[in-house]
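Asker: Input file: work-v9.cif. Contents: mmCIF, C-alpha atoms and all ligand atoms.
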data_model
#
loop_
_atom_site.group_PDB
_atom_site.id
_atom_site.type_symbol
_atom_site.label_atom_id
_atom_site.label_comp_id
_atom_site.auth_asym_id
_atom_site.auth_seq_id
_atom_site.Cartn_x
_atom_site.Cartn_y
_atom_site.Cartn_z
ATOM 1 C CA MET A 1 0.000 0.000 0.000
ATOM 2 C CA SER A 2 1.499 3.364 -0.974
ATOM 3 C CA ASP A 3 1.134 5.595 2.040
ATOM 4 C CA PRO A 4 2.683 8.862 3.214
ATOM 5 C CA TRP A 5 3.329 7.056 6.475
ATOM 6 C CA ASP A 6 5.773 4.812 4.655
ATOM 7 C CA SER A 7 7.887 7.742 3.490
ATOM 8 C CA HIS A 8 7.502 9.686 6.732
ATOM 9 C CA ALA A 9 7.750 6.889 9.276
ATOM 10 C CA GLN A 10 11.205 8.074 10.304
ATOM 11 C CA TRP A 11 9.901 11.585 11.072
ATOM 12 C CA TRP A 12 7.266 10.069 13.374
ATOM 13 C CA GLN A 13 9.698 7.715 15.038
ATOM 14 C CA GLU A 14 12.250 10.465 15.752
ATOM 15 C CA GLU A 15 9.806 13.127 16.929
ATOM 16 C CA PHE A 16 7.166 11.154 18.841
ATOM 17 C CA THR A 17 8.526 7.864 20.154
ATOM 18 C CA ASP A 18 11.116 6.533 22.553
ATOM 19 C CA GLY A 19 10.541 9.349 25.074
ATOM 20 C CA ALA A 20 10.976 12.176 22.500
ATOM 21 C CA ASP A 21 7.468 13.573 23.029
ATOM 22 C CA PRO A 22 6.230 14.598 26.508
ATOM 23 C CA GLU A 23 2.577 14.207 25.471
ATOM 24 C CA TYR A 24 3.233 10.497 24.932
ATOM 25 C CA SER A 25 5.436 9.880 27.937
ATOM 26 C CA GLU A 26 3.509 12.032 30.452
ATOM 27 C CA GLN A 27 -0.074 11.614 29.267
ATOM 28 C CA ILE A 28 -0.950 9.270 26.395
ATOM 29 C CA LEU A 29 0.912 6.151 27.458
ATOM 30 C CA PRO A 30 -0.195 6.369 31.143
ATOM 31 C CA LEU A 31 -3.843 6.883 30.054
ATOM 32 C CA ILE A 32 -3.721 3.785 27.862
ATOM 33 C CA GLU A 33 -2.021 1.716 30.555
ATOM 34 C CA SER A 34 -4.731 2.682 33.049
ATOM 35 C CA GLY A 35 -7.496 1.496 30.704
ATOM 36 C CA ILE A 36 -6.264 -2.022 29.894
ATOM 37 C CA ASP A 37 -6.482 -5.114 32.118
ATOM 38 C CA ALA A 38 -3.249 -6.917 32.961
ATOM 39 C CA GLY A 39 -2.754 -10.130 31.030
ATOM 40 C CA SER A 40 -5.500 -9.397 28.484
ATOM 41 C CA THR A 41 -5.424 -9.792 24.692
ATOM 42 C CA VAL A 42 -5.110 -6.473 22.824
ATOM 43 C CA LEU A 43 -5.178 -5.368 19.192
ATOM 44 C CA ASP A 44 -3.282 -2.095 18.626
ATOM 45 C CA ILE A 45 -4.762 -0.593 15.443
ATOM 46 C CA GLY A 46 -2.374 1.745 13.588
ATOM 47 C CA THR A 47 0.424 0.598 15.867
ATOM 48 C CA GLY A 48 3.163 2.669 14.192
ATOM 49 C CA GLU A 49 6.580 1.678 15.540
ATOM 50 C CA GLY A 50 4.835 -0.120 18.394
ATOM 51 C CA GLN A 51 5.251 2.138 21.452
ATOM 52 C CA VAL A 52 1.724 1.395 22.732
ATOM 53 C CA ALA A 53 1.999 -2.324 21.958
ATOM 54 C CA ARG A 54 5.371 -2.623 23.745
ATOM 55 C CA LEU A 55 4.074 -0.730 26.775
ATOM 56 C CA LEU A 56 1.174 -3.148 27.213
ATOM 57 C CA VAL A 57 3.444 -6.188 27.001
ATOM 58 C CA GLU A 58 6.149 -4.756 29.243
ATOM 59 C CA ARG A 59 3.978 -3.126 31.934
ATOM 60 C CA LEU A 60 0.872 -5.334 31.950
ATOM 61 C CA GLY A 61 1.966 -8.666 30.483
ATOM 62 C CA CYS A 62 -0.680 -8.416 27.754
ATOM 63 C CA GLU A 63 -0.691 -10.498 24.589
ATOM 64 C CA VAL A 64 -0.585 -7.799 21.905
ATOM 65 C CA ILE A 65 -0.896 -7.745 18.125
ATOM 66 C CA GLY A 66 -0.065 -4.467 16.380
ATOM 67 C CA VAL A 67 -1.464 -3.737 12.906
ATOM 68 C CA ASP A 68 -0.364 -0.954 10.556
ATOM 69 C CA PRO A 69 -0.543 -0.443 6.759
ATOM 70 C CA ALA A 70 2.902 1.204 6.588
ATOM 71 C CA GLY A 71 5.686 -1.317 6.031
ATOM 72 C CA ALA A 72 8.272 1.172 7.323
ATOM 73 C CA GLN A 73 6.443 1.376 10.651
ATOM 74 C CA ILE A 74 6.019 -2.395 10.982
ATOM 75 C CA ALA A 75 9.696 -2.978 10.102
ATOM 76 C CA GLU A 76 10.795 -0.578 12.860
ATOM 77 C CA ALA A 77 8.313 -2.095 15.324
ATOM 78 C CA GLU A 78 9.774 -5.529 14.678
ATOM 79 C CA ALA A 79 13.310 -4.178 15.025
ATOM 80 C CA ARG A 80 12.456 -2.563 18.385
ATOM 81 C CA GLY A 81 11.031 -5.904 19.581
ATOM 82 C CA GLY A 82 9.708 -6.063 23.133
ATOM 83 C CA GLY A 83 7.182 -8.879 22.763
ATOM 84 C CA PRO A 84 4.247 -7.832 20.521
ATOM 85 C CA THR A 85 3.453 -9.540 17.218
ATOM 86 C CA TYR A 86 2.999 -7.318 14.157
ATOM 87 C CA LEU A 87 0.854 -7.596 11.029
ATOM 88 C CA LEU A 88 0.622 -5.398 7.951
ATOM 89 C CA GLY A 89 -2.953 -4.191 7.478
ATOM 90 C CA GLY A 90 -5.399 -1.317 7.489
ATOM 91 C CA ALA A 91 -8.130 -0.509 9.978
ATOM 92 C CA ASP A 92 -10.894 -1.017 7.407
ATOM 93 C CA SER A 93 -10.001 -4.700 6.937
ATOM 94 C CA LEU A 94 -8.189 -5.999 9.994
ATOM 95 C CA PRO A 95 -6.265 -9.238 9.310
ATOM 96 C CA VAL A 96 -7.467 -10.955 12.509
ATOM 97 C CA PRO A 97 -10.422 -13.196 13.463
ATOM 98 C CA SER A 98 -13.753 -11.986 14.879
ATOM 99 C CA ALA A 99 -14.467 -11.781 18.637
ATOM 100 C CA ALA A 100 -10.817 -12.570 19.415
ATOM 101 C CA PHE A 101 -9.635 -9.654 21.643
ATOM 102 C CA ASP A 102 -10.423 -8.384 25.149
ATOM 103 C CA SER A 103 -9.418 -4.873 24.064
ATOM 104 C CA ALA A 104 -8.542 -2.733 21.078
ATOM 105 C CA VAL A 105 -6.589 0.529 21.070
ATOM 106 C CA ALA A 106 -6.419 3.172 18.332
ATOM 107 C CA CYS A 107 -4.065 5.977 19.356
ATOM 108 C CA LEU A 108 -3.967 9.059 17.097
ATOM 109 C CA VAL A 109 -4.937 6.917 14.107
ATOM 110 C CA PHE A 110 -8.566 7.622 13.140
ATOM 111 C CA GLU A 111 -7.683 11.162 12.037
ATOM 112 C CA HIS A 112 -5.682 9.465 9.246
ATOM 113 C CA ILE A 113 -8.396 6.961 8.222
ATOM 114 C CA GLY A 114 -10.695 7.715 5.274
ATOM 115 C CA ASP A 115 -13.381 5.073 5.809
ATOM 116 C CA VAL A 116 -14.394 5.642 9.429
ATOM 117 C CA ASP A 117 -17.545 3.498 9.109
ATOM 118 C CA ALA A 118 -15.620 0.410 7.998
ATOM 119 C CA ALA A 119 -12.918 0.989 10.618
ATOM 120 C CA LEU A 120 -15.380 1.198 13.536
ATOM 121 C CA ARG A 121 -17.288 -1.839 12.216
ATOM 122 C CA GLU A 122 -13.995 -3.706 12.270
ATOM 123 C CA VAL A 123 -13.310 -2.675 15.874
ATOM 124 C CA ALA A 124 -16.703 -4.073 16.894
ATOM 125 C CA ARG A 125 -16.096 -7.261 14.900
ATOM 126 C CA ILE A 126 -12.759 -8.178 16.472
ATOM 127 C CA LEU A 127 -13.751 -7.454 20.101
ATOM 128 C CA LYS A 128 -15.221 -10.087 22.404
ATOM 129 C CA PRO A 129 -18.634 -9.174 23.871
ATOM 130 C CA GLY A 130 -17.960 -6.835 26.803
ATOM 131 C CA GLY A 131 -14.563 -5.935 25.342
ATOM 132 C CA THR A 132 -12.976 -2.482 25.650
ATOM 133 C CA PHE A 133 -12.018 -0.020 22.935
ATOM 134 C CA LEU A 134 -9.660 2.842 23.830
ATOM 135 C CA PHE A 135 -9.959 5.582 21.251
ATOM 136 C CA LEU A 136 -7.494 8.512 21.342
ATOM 137 C CA LEU A 137 -7.810 11.389 18.916
ATOM 138 C CA ASN A 138 -6.504 14.874 18.379
ATOM 139 C CA HIS A 139 -9.427 16.683 20.001
ATOM 140 C CA PRO A 140 -11.897 17.023 17.085
ATOM 141 C CA LEU A 141 -13.512 20.224 18.371
ATOM 142 C CA LEU A 142 -10.425 22.168 19.335
ATOM 143 C CA GLN A 143 -7.888 20.827 16.838
ATOM 144 C CA THR A 144 -9.899 21.282 13.610
ATOM 145 C CA PRO A 145 -8.042 22.489 10.505
ATOM 146 C CA ASP A 146 -7.333 26.233 10.854
ATOM 147 C CA SER A 147 -7.455 26.119 14.646
ATOM 148 C CA GLY A 148 -4.644 27.772 16.547
ATOM 149 C CA TRP A 149 -3.474 30.652 18.682
ATOM 150 C CA ILE A 150 -4.211 34.147 17.428
ATOM 151 C CA ASP A 151 -2.146 37.064 18.720
ATOM 152 C CA ASP A 152 -4.372 40.032 17.995
ATOM 153 C CA HIS A 153 -2.375 43.262 18.127
ATOM 154 C CA MET A 154 -5.114 45.284 16.413
ATOM 155 C CA VAL A 155 -6.796 45.755 19.779
ATOM 156 C CA ASP A 156 -5.383 47.594 22.744
ATOM 157 C CA PRO A 157 -4.309 45.915 24.923
ATOM 158 C CA PRO A 158 -3.397 43.022 22.547
ATOM 159 C CA GLU A 159 -5.458 39.848 22.942
ATOM 160 C CA GLN A 160 -4.521 36.236 22.640
ATOM 161 C CA TYR A 161 -7.208 33.657 21.901
ATOM 162 C CA TRP A 162 -7.681 30.172 20.467
ATOM 163 C CA GLN A 163 -9.380 30.171 17.078
ATOM 164 C CA ILE A 164 -11.558 27.190 16.136
ATOM 165 C CA GLY A 165 -11.740 26.235 12.443
ATOM 166 C CA PRO A 166 -14.912 25.087 10.627
ATOM 167 C CA TYR A 167 -16.064 22.364 13.025
ATOM 168 C CA LEU A 168 -19.122 20.870 11.324
ATOM 169 C CA GLU A 169 -17.500 20.369 7.916
ATOM 170 C CA GLU A 170 -15.925 16.963 7.341
ATOM 171 C CA ALA A 171 -12.632 17.678 5.640
ATOM 172 C CA GLU A 172 -9.590 15.907 4.263
ATOM 173 C CA THR A 173 -6.495 18.083 4.464
ATOM 174 C CA VAL A 174 -2.848 17.525 3.713
ATOM 175 C CA GLU A 175 -0.735 19.326 6.284
ATOM 176 C CA GLN A 176 2.951 20.053 6.157
ATOM 177 C CA VAL A 177 3.850 19.059 9.706
ATOM 178 C CA GLN A 178 7.562 19.702 9.206
ATOM 179 C CA LYS A 179 9.585 20.846 6.186
ATOM 180 C CA GLY A 180 8.963 18.255 3.447
ATOM 181 C CA VAL A 181 6.681 16.056 5.599
ATOM 182 C CA PHE A 182 3.116 15.992 4.273
ATOM 183 C CA ILE A 183 0.506 14.018 6.232
ATOM 184 C CA THR A 184 -3.196 13.517 5.391
ATOM 185 C CA PHE A 185 -5.701 14.329 8.138
ATOM 186 C CA PHE A 186 -9.462 13.725 8.191
ATOM 187 C CA HIS A 187 -11.546 16.043 10.337
ATOM 188 C CA ARG A 188 -14.987 14.934 11.544
ATOM 189 C CA PRO A 189 -17.268 16.361 14.227
ATOM 190 C CA LEU A 190 -17.366 14.394 17.458
ATOM 191 C CA SER A 191 -20.995 13.344 16.819
ATOM 192 C CA ARG A 192 -19.887 11.600 13.617
ATOM 193 C CA TYR A 193 -17.524 9.399 15.593
ATOM 194 C CA LEU A 194 -19.893 8.779 18.489
ATOM 195 C CA ASN A 195 -23.006 7.953 16.460
ATOM 196 C CA THR A 196 -21.048 5.641 14.171
ATOM 197 C CA ALA A 197 -19.606 3.862 17.206
ATOM 198 C CA PHE A 198 -23.089 3.505 18.746
ATOM 199 C CA ASP A 199 -24.447 2.141 15.441
ATOM 200 C CA VAL A 200 -21.865 -0.669 15.377
ATOM 201 C CA GLY A 201 -22.567 -1.700 18.995
ATOM 202 C CA LEU A 202 -19.979 0.233 20.988
ATOM 203 C CA SER A 203 -21.234 1.966 24.121
ATOM 204 C CA LEU A 204 -19.386 5.016 25.530
ATOM 205 C CA THR A 205 -18.268 4.468 29.136
ATOM 206 C CA ARG A 206 -15.651 7.203 29.726
ATOM 207 C CA MET A 207 -14.446 10.475 28.216
ATOM 208 C CA GLU A 208 -11.367 12.506 29.157
ATOM 209 C CA GLU A 209 -10.234 15.872 27.797
ATOM 210 C CA PRO A 210 -6.976 16.301 29.717
ATOM 211 C CA SER A 211 -5.076 19.548 29.948
ATOM 212 C CA PRO A 212 -1.807 19.261 28.003
ATOM 213 C CA PRO A 213 0.911 17.824 30.255
ATOM 214 C CA GLN A 214 3.596 19.924 31.915
ATOM 215 C CA GLY A 215 6.307 18.910 29.447
ATOM 216 C CA PHE A 216 4.197 20.255 26.579
ATOM 217 C CA LEU A 217 3.289 23.470 28.398
ATOM 218 C CA GLU A 218 6.947 24.155 29.141
ATOM 219 C CA ARG A 219 7.603 24.123 25.387
ATOM 220 C CA ALA A 220 4.895 26.757 24.787
ATOM 221 C CA PRO A 221 5.492 29.412 27.490
ATOM 222 C CA GLU A 222 4.273 32.180 25.138
ATOM 223 C CA TYR A 223 0.678 30.935 25.551
ATOM 224 C CA PRO A 224 -0.296 31.272 29.231
ATOM 225 C CA ALA A 225 -3.794 29.874 28.540
ATOM 226 C CA ALA A 226 -2.452 26.712 26.847
ATOM 227 C CA ALA A 227 -3.388 24.608 29.899
ATOM 228 C CA SER A 228 -7.074 25.387 29.220
ATOM 229 C CA ILE A 229 -7.120 24.084 25.615
ATOM 230 C CA PRO A 230 -7.096 20.266 25.424
ATOM 231 C CA ARG A 231 -5.196 18.702 22.547
ATOM 232 C CA LEU A 232 -6.241 15.131 23.251
ATOM 233 C CA LEU A 233 -9.618 13.392 23.420
ATOM 234 C CA PHE A 234 -9.708 10.005 25.159
ATOM 235 C CA LEU A 235 -12.824 7.841 24.828
ATOM 236 C CA ARG A 236 -13.459 4.396 26.272
ATOM 237 C CA PHE A 237 -16.148 2.197 24.716
ATOM 238 C CA THR A 238 -17.517 -1.189 25.711
ATOM 239 C CA LYS A 239 -18.706 -3.660 23.086
ATOM 240 C CA ILE A 240 -22.339 -4.414 23.850
ATOM 241 C CA ASP A 241 -22.929 -8.163 24.451
HETATM 242 C C1 LIG B 301 0.205 9.260 14.457
HETATM 243 S S1 LIG B 301 0.759 7.639 14.109
HETATM 244 C C2 LIG B 301 0.323 6.798 15.620
HETATM 245 C C3 LIG B 301 1.069 5.503 15.805
HETATM 246 C C4 LIG B 301 0.775 4.771 17.124
HETATM 247 N N1 LIG B 301 -0.638 4.472 17.276
HETATM 248 C C5 LIG B 301 1.264 5.569 18.297
HETATM 249 O O1 LIG B 301 0.415 6.126 19.012
HETATM 250 O O2 LIG B 301 2.471 5.636 18.500
HETATM 251 C C6 LIG B 301 -0.530 7.115 13.009
HETATM 252 C C7 LIG B 301 -0.371 5.705 12.462
HETATM 253 O O3 LIG B 301 -1.603 5.365 11.798
HETATM 254 C C8 LIG B 301 -1.259 4.542 10.702
HETATM 255 N N2 LIG B 301 -2.376 4.530 9.744
HETATM 256 C C9 LIG B 301 -2.619 5.390 8.723
HETATM 257 N N3 LIG B 301 -3.711 5.008 8.041
HETATM 258 C C10 LIG B 301 -4.171 3.872 8.641
HETATM 259 C C11 LIG B 301 -5.255 2.981 8.396
HETATM 260 N N4 LIG B 301 -6.106 3.175 7.372
HETATM 261 N N5 LIG B 301 -5.390 1.910 9.205
HETATM 262 C C12 LIG B 301 -4.545 1.704 10.239
HETATM 263 N N6 LIG B 301 -3.509 2.508 10.517
HETATM 264 C C13 LIG B 301 -3.312 3.573 9.731
HETATM 265 C C14 LIG B 301 0.020 5.146 10.165
HETATM 266 O O4 LIG B 301 0.735 4.260 9.337
HETATM 267 C C15 LIG B 301 0.744 5.516 11.447
HETATM 268 O O5 LIG B 301 1.611 4.500 11.858
#
Have the structure of the file written as structure tokens, please.
Ligand SMILES: C[S@@+](CC[C@H](N)C(=O)[O-])C[C@H]1O[C@@H](n2cnc3c(N)ncnc32)[C@H](O)[C@@H]1O
Answerer:
Amino acid sequence: MSDPWDSHAQWWQEEFTDGADPEYSEQILPLIESGIDAGSTVLDIGTGEGQVARLLVERLGCEVIGVDPAGAQIAEAEARGGGPTYLLGGADSLPVPSAAFDSAVACLVFEHIGDVDAALREVARILKPGGTFLFLLNHPLLQTPDSGWIDDHMVDPPEQYWQIGPYLEEAETVEQVQKGVFITFFHRPLSRYLNTAFDVGLSLTRMEEPSPPQGFLERAPEYPAAASIPRLLFLRFTKID
């Protein structure tokens, strides 16, 4: 599968894994660890280089399979080792049997998936009845395309506020996240995700909108209100029996 994640896997691995990113080390990984039962079976959808999969093996003794369509991510995941098994595959057609997992995790993946209906149907298919789905997204309300800090010097005194882009419009955008690194993002309103999840038999049991962690805030001291704008949305679903 030709995928920008194949050509840009190294960017992701250098910038966001192995302790490089405080949002992962201080917030995302602990949240995931707290939502998974020790010793359970887990499918990590869009596993990347495997940091979530490794964590669940190392810290909780889980039996983990990581799936990703980018060969460059799977190759690095296998090289980093740590106990999970890896498979090449996309979220809309997961290469695993039905009703086989206690839990599934998708961490910062669905904003890169075009067919959200098929992907959520697949989550419901592979979970055992009563199974858990941990769903982590860039916050779809506050991190829409064209959202960001505005420093308004046209008013006196100058104002600083967080602008929200067009929230209700579903949009596919290609963003240059670093010089020469172009990544495709899909924006959808939160209701689109929730109602699709409900339709496939996933029931919402928990929602967190955490303040960005200290390590992130320290890198953005020019925005004193940054602690009040969540970047992450964490949802926990249970597969209805
Ligand atoms: C932002 S990275 C997150 C990786 C990993 N979940 C983590 O948290 O470290 C997004 C990952 O989603 C994968 N991805 C992109 N499209 C996908 C799809 N249709 N199905 C499954 N994974 C996909 C990419 O290859 C990439 O590894």
Asker: Taking the file as shown, what set of residues would the PyMOL selection byres (((chain A and resi 221-229) around 9) and not hetatm) give back, as a list in words?
Answerer: Leu142, Trp149, Gln160, Tyr161, Trp162, Pro210, Ser211, Pro212, Pro213, Gln214, Leu217, Glu218, Arg219, Ala220, Pro230 and Arg231 of chain A
Asker: Which one is closest to Ala124 of chain A: A:Phe101, A:Tyr24, A:Phe185, A:Tyr86? Count all atoms listed in the file.
Answerer: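 Ranking A:Phe101, A:Tyr24, A:Phe185, A:Tyr86 by distance to Ala124 of chain A, first place goes to A:Phe101.
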Asker: Can I get the residues close to ligand LIG 301 (chain B) as an mmCIF file with C-alpha atoms, in the coordinates of the input, where close means within 8 Å and we count only C-alpha atoms and all ligand atoms?
Answerer:
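Writing the result to part_2.cif gives the following:
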data_model
loop_
_atom_site.group_PDB
_atom_site.id
_atom_site.type_symbol
_atom_site.label_atom_id
_atom_site.label_comp_id
_atom_site.auth_asym_id
_atom_site.auth_seq_id
_atom_site.Cartn_x
_atom_site.Cartn_y
_atom_site.Cartn_z
ATOM 1 C CA ASP A 3 1.134 5.595 2.040
ATOM 2 C CA PRO A 4 2.683 8.862 3.214
ATOM 3 C CA TRP A 5 3.329 7.056 6.475
ATOM 4 C CA ASP A 6 5.773 4.812 4.655
ATOM 5 C CA ALA A 9 7.750 6.889 9.276
ATOM 6 C CA TRP A 12 7.266 10.069 13.374
ATOM 7 C CA PHE A 16 7.166 11.154 18.841
ATOM 8 C CA THR A 17 8.526 7.864 20.154
ATOM 9 C CA TYR A 24 3.233 10.497 24.932
ATOM 10 C CA ASP A 44 -3.282 -2.095 18.626
ATOM 11 C CA ILE A 45 -4.762 -0.593 15.443
ATOM 12 C CA GLY A 46 -2.374 1.745 13.588
ATOM 13 C CA THR A 47 0.424 0.598 15.867
ATOM 14 C CA GLY A 48 3.163 2.669 14.192
ATOM 15 C CA GLU A 49 6.580 1.678 15.540
ATOM 16 C CA GLY A 50 4.835 -0.120 18.394
ATOM 17 C CA GLN A 51 5.251 2.138 21.452
ATOM 18 C CA VAL A 52 1.724 1.395 22.732
ATOM 19 C CA VAL A 67 -1.464 -3.737 12.906
ATOM 20 C CA ASP A 68 -0.364 -0.954 10.556
ATOM 21 C CA PRO A 69 -0.543 -0.443 6.759
ATOM 22 C CA ALA A 70 2.902 1.204 6.588
ATOM 23 C CA GLN A 73 6.443 1.376 10.651
ATOM 24 C CA GLY A 89 -2.953 -4.191 7.478
ATOM 25 C CA GLY A 90 -5.399 -1.317 7.489
ATOM 26 C CA ALA A 91 -8.130 -0.509 9.978
ATOM 27 C CA ASP A 92 -10.894 -1.017 7.407
ATOM 28 C CA ALA A 106 -6.419 3.172 18.332
ATOM 29 C CA CYS A 107 -4.065 5.977 19.356
ATOM 30 C CA LEU A 108 -3.967 9.059 17.097
ATOM 31 C CA VAL A 109 -4.937 6.917 14.107
ATOM 32 C CA PHE A 110 -8.566 7.622 13.140
ATOM 33 C CA HIS A 112 -5.682 9.465 9.246
ATOM 34 C CA ILE A 113 -8.396 6.961 8.222
ATOM 35 C CA GLY A 114 -10.695 7.715 5.274
ATOM 36 C CA ASP A 115 -13.381 5.073 5.809
ATOM 37 C CA ALA A 119 -12.918 0.989 10.618
#
Asker: Segment 114-219 of chain A near segment 232-239 of chain A within 9 Å: what's each residue's closest atom pair and its distance in Å to one decimal, counting all atoms listed in the file, ordered by chain then ascending residue number, as JSON lines?
Answerer:
{"residue": "A:Ala124", "atom": "CA", "partner": "A:Lys239", "partner_atom": "CA", "distance": 6.5}
{"residue": "A:Leu127", "atom": "CA", "partner": "A:Lys239", "partner_atom": "CA", "distance": 6.9}
{"residue": "A:Lys128", "atom": "CA", "partner": "A:Lys239", "partner_atom": "CA", "distance": 7.3}
{"residue": "A:Pro129", "atom": "CA", "partner": "A:Lys239", "partner_atom": "CA", "distance": 5.6}
{"residue": "A:Gly130", "atom": "CA", "partner": "A:Lys239", "partner_atom": "CA", "distance": 4.9}
{"residue": "A:Gly131", "atom": "CA", "partner": "A:Lys239", "partner_atom": "CA", "distance": 5.2}
{"residue": "A:Thr132", "atom": "CA", "partner": "A:Thr238", "partner_atom": "CA", "distance": 4.7}
{"residue": "A:Phe133", "atom": "CA", "partner": "A:Phe237", "partner_atom": "CA", "distance": 5.0}
{"residue": "A:Leu134", "atom": "CA", "partner": "A:Arg236", "partner_atom": "CA", "distance": 4.8}
{"residue": "A:Phe135", "atom": "CA", "partner": "A:Leu235", "partner_atom": "CA", "distance": 5.1}
{"residue": "A:Leu136", "atom": "CA", "partner": "A:Phe234", "partner_atom": "CA", "distance": 4.7}
{"residue": "A:Leu137", "atom": "CA", "partner": "A:Leu233", "partner_atom": "CA", "distance": 5.3}
{"residue": "A:Asn138", "atom": "CA", "partner": "A:Leu232", "partner_atom": "CA", "distance": 4.9}
{"residue": "A:His139", "atom": "CA", "partner": "A:Leu233", "partner_atom": "CA", "distance": 4.7}
{"residue": "A:Pro140", "atom": "CA", "partner": "A:Leu233", "partner_atom": "CA", "distance": 7.6}
{"residue": "A:Gln143", "atom": "CA", "partner": "A:Leu232", "partner_atom": "CA", "distance": 8.7}
{"residue": "A:Ala197", "atom": "CA", "partner": "A:Phe237", "partner_atom": "CA", "distance": 8.4}
{"residue": "A:Val200", "atom": "CA", "partner": "A:Lys239", "partner_atom": "CA", "distance": 8.9}
{"residue": "A:Gly201", "atom": "CA", "partner": "A:Lys239", "partner_atom": "CA", "distance": 6.0}
{"residue": "A:Leu202", "atom": "CA", "partner": "A:Lys239", "partner_atom": "CA", "distance": 4.6}
{"residue": "A:Ser203", "atom": "CA", "partner": "A:Phe237", "partner_atom": "CA", "distance": 5.1}
{"residue": "A:Leu204", "atom": "CA", "partner": "A:Phe237", "partner_atom": "CA", "distance": 4.4}
{"residue": "A:Thr205", "atom": "CA", "partner": "A:Phe237", "partner_atom": "CA", "distance": 5.4}
{"residue": "A:Arg206", "atom": "CA", "partner": "A:Arg236", "partner_atom": "CA", "distance": 5.0}
{"residue": "A:Met207", "atom": "CA", "partner": "A:Leu235", "partner_atom": "CA", "distance": 4.6}
{"residue": "A:Glu208", "atom": "CA", "partner": "A:Phe234", "partner_atom": "CA", "distance": 5.0}
{"residue": "A:Glu209", "atom": "CA", "partner": "A:Leu233", "partner_atom": "CA", "distance": 5.1}
{"residue": "A:Pro210", "atom": "CA", "partner": "A:Leu232", "partner_atom": "CA", "distance": 6.6}
{"residue": "A:Ser211", "atom": "CA", "partner": "A:Leu232", "partner_atom": "CA", "distance": 8.1}
{"residue": "A:Pro212", "atom": "CA", "partner": "A:Leu232", "partner_atom": "CA", "distance": 7.7}
Asker: Enter the distance from atom CA of Thr85 of chain A to atom CA of Val123 of chain A, in Å, rounded to one decimal.
Answerer: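 That distance, rounded to one decimal, is 18.2 Å.
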Asker: Quick one, how far is atom CA of Pro84 of chain A from atom CA of Val64 of chain A?
Answerer: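 Computed distance, atom CA of Pro84 of chain A to atom CA of Val64 of chain A, equals 5.0 Å.
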Asker: Hey, what's within 8 Å of Gly61 of chain A if we count all atoms listed in the file and toss same-chain stuff fewer than 3 positions away? As a PyMOL selection string, please?
Answerer: chain A and resi 38-40+56-58
Asker: Apply the PyMOL selection byres (((chain A and resi 96) around 10) and not hetatm) to the structure shown and report the selected residues as a PyMOL selection string.
Answerer: chain A and resi 43+65+67+87+89+93-95+97-101+122+125-126
Asker: Mind pulling up the distance from atom CA of Val177 of chain A to atom CA of Gly19 of chain A?
Answerer: 19.4 Å
Asker: Restricting the calculation to all atoms listed in the file, which member of A:Asp102, A:Glu23, A:Asp199, A:Asp241 is positioned closest to Gly35 of chain A?
Answerer: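 Of the candidates, the smallest distance to Gly35 of chain A is held by A:Asp102.
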Asker: Place a sphere of radius 10 Å on (-16.1, 21.8, 15.0) in the file coordinates and name every protein, DNA or RNA residue with an atom inside or on its surface, counting all atoms listed in the file; give the answer as a list in words.
Answerer: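 In the file's frame, the residues around the point are His139, Pro140, Leu141, Leu142, Gln143, Thr144, Pro145, Ser147, Ile164, Gly165, Pro166, Tyr167, Leu168, Glu169, Glu170, His187, Arg188, Pro189, Leu190 and Ser191 of chain A.
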Asker: Restricting the calculation to only C-alpha atoms, which member of A:Asp146, A:Arg80, A:Asp117, A:Asp152 is positioned closest to Glu175 of chain A?
Answerer: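 Using only C-alpha atoms, the shortest distance to Glu175 of chain A belongs to A:Asp146.
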Asker: Around segment 47-61 of chain A, with edges along x, y and z and 3 Å added on all six sides, what centre and edge lengths do you get, in Å to one decimal, as AutoDock Vina command-line options?
Answerer:
--center_x 3.5 --center_y -3.0 --center_z 23.1 --size_x 12.2 --size_y 17.3 --size_z 23.8
Asker: Starting from the shown file, work through the PyMOL selection byres (((chain A and resi 82) around 6) and not hetatm) and note down what comes out as a VMD selection string.
Answerer: chain A and resid 54 81 83
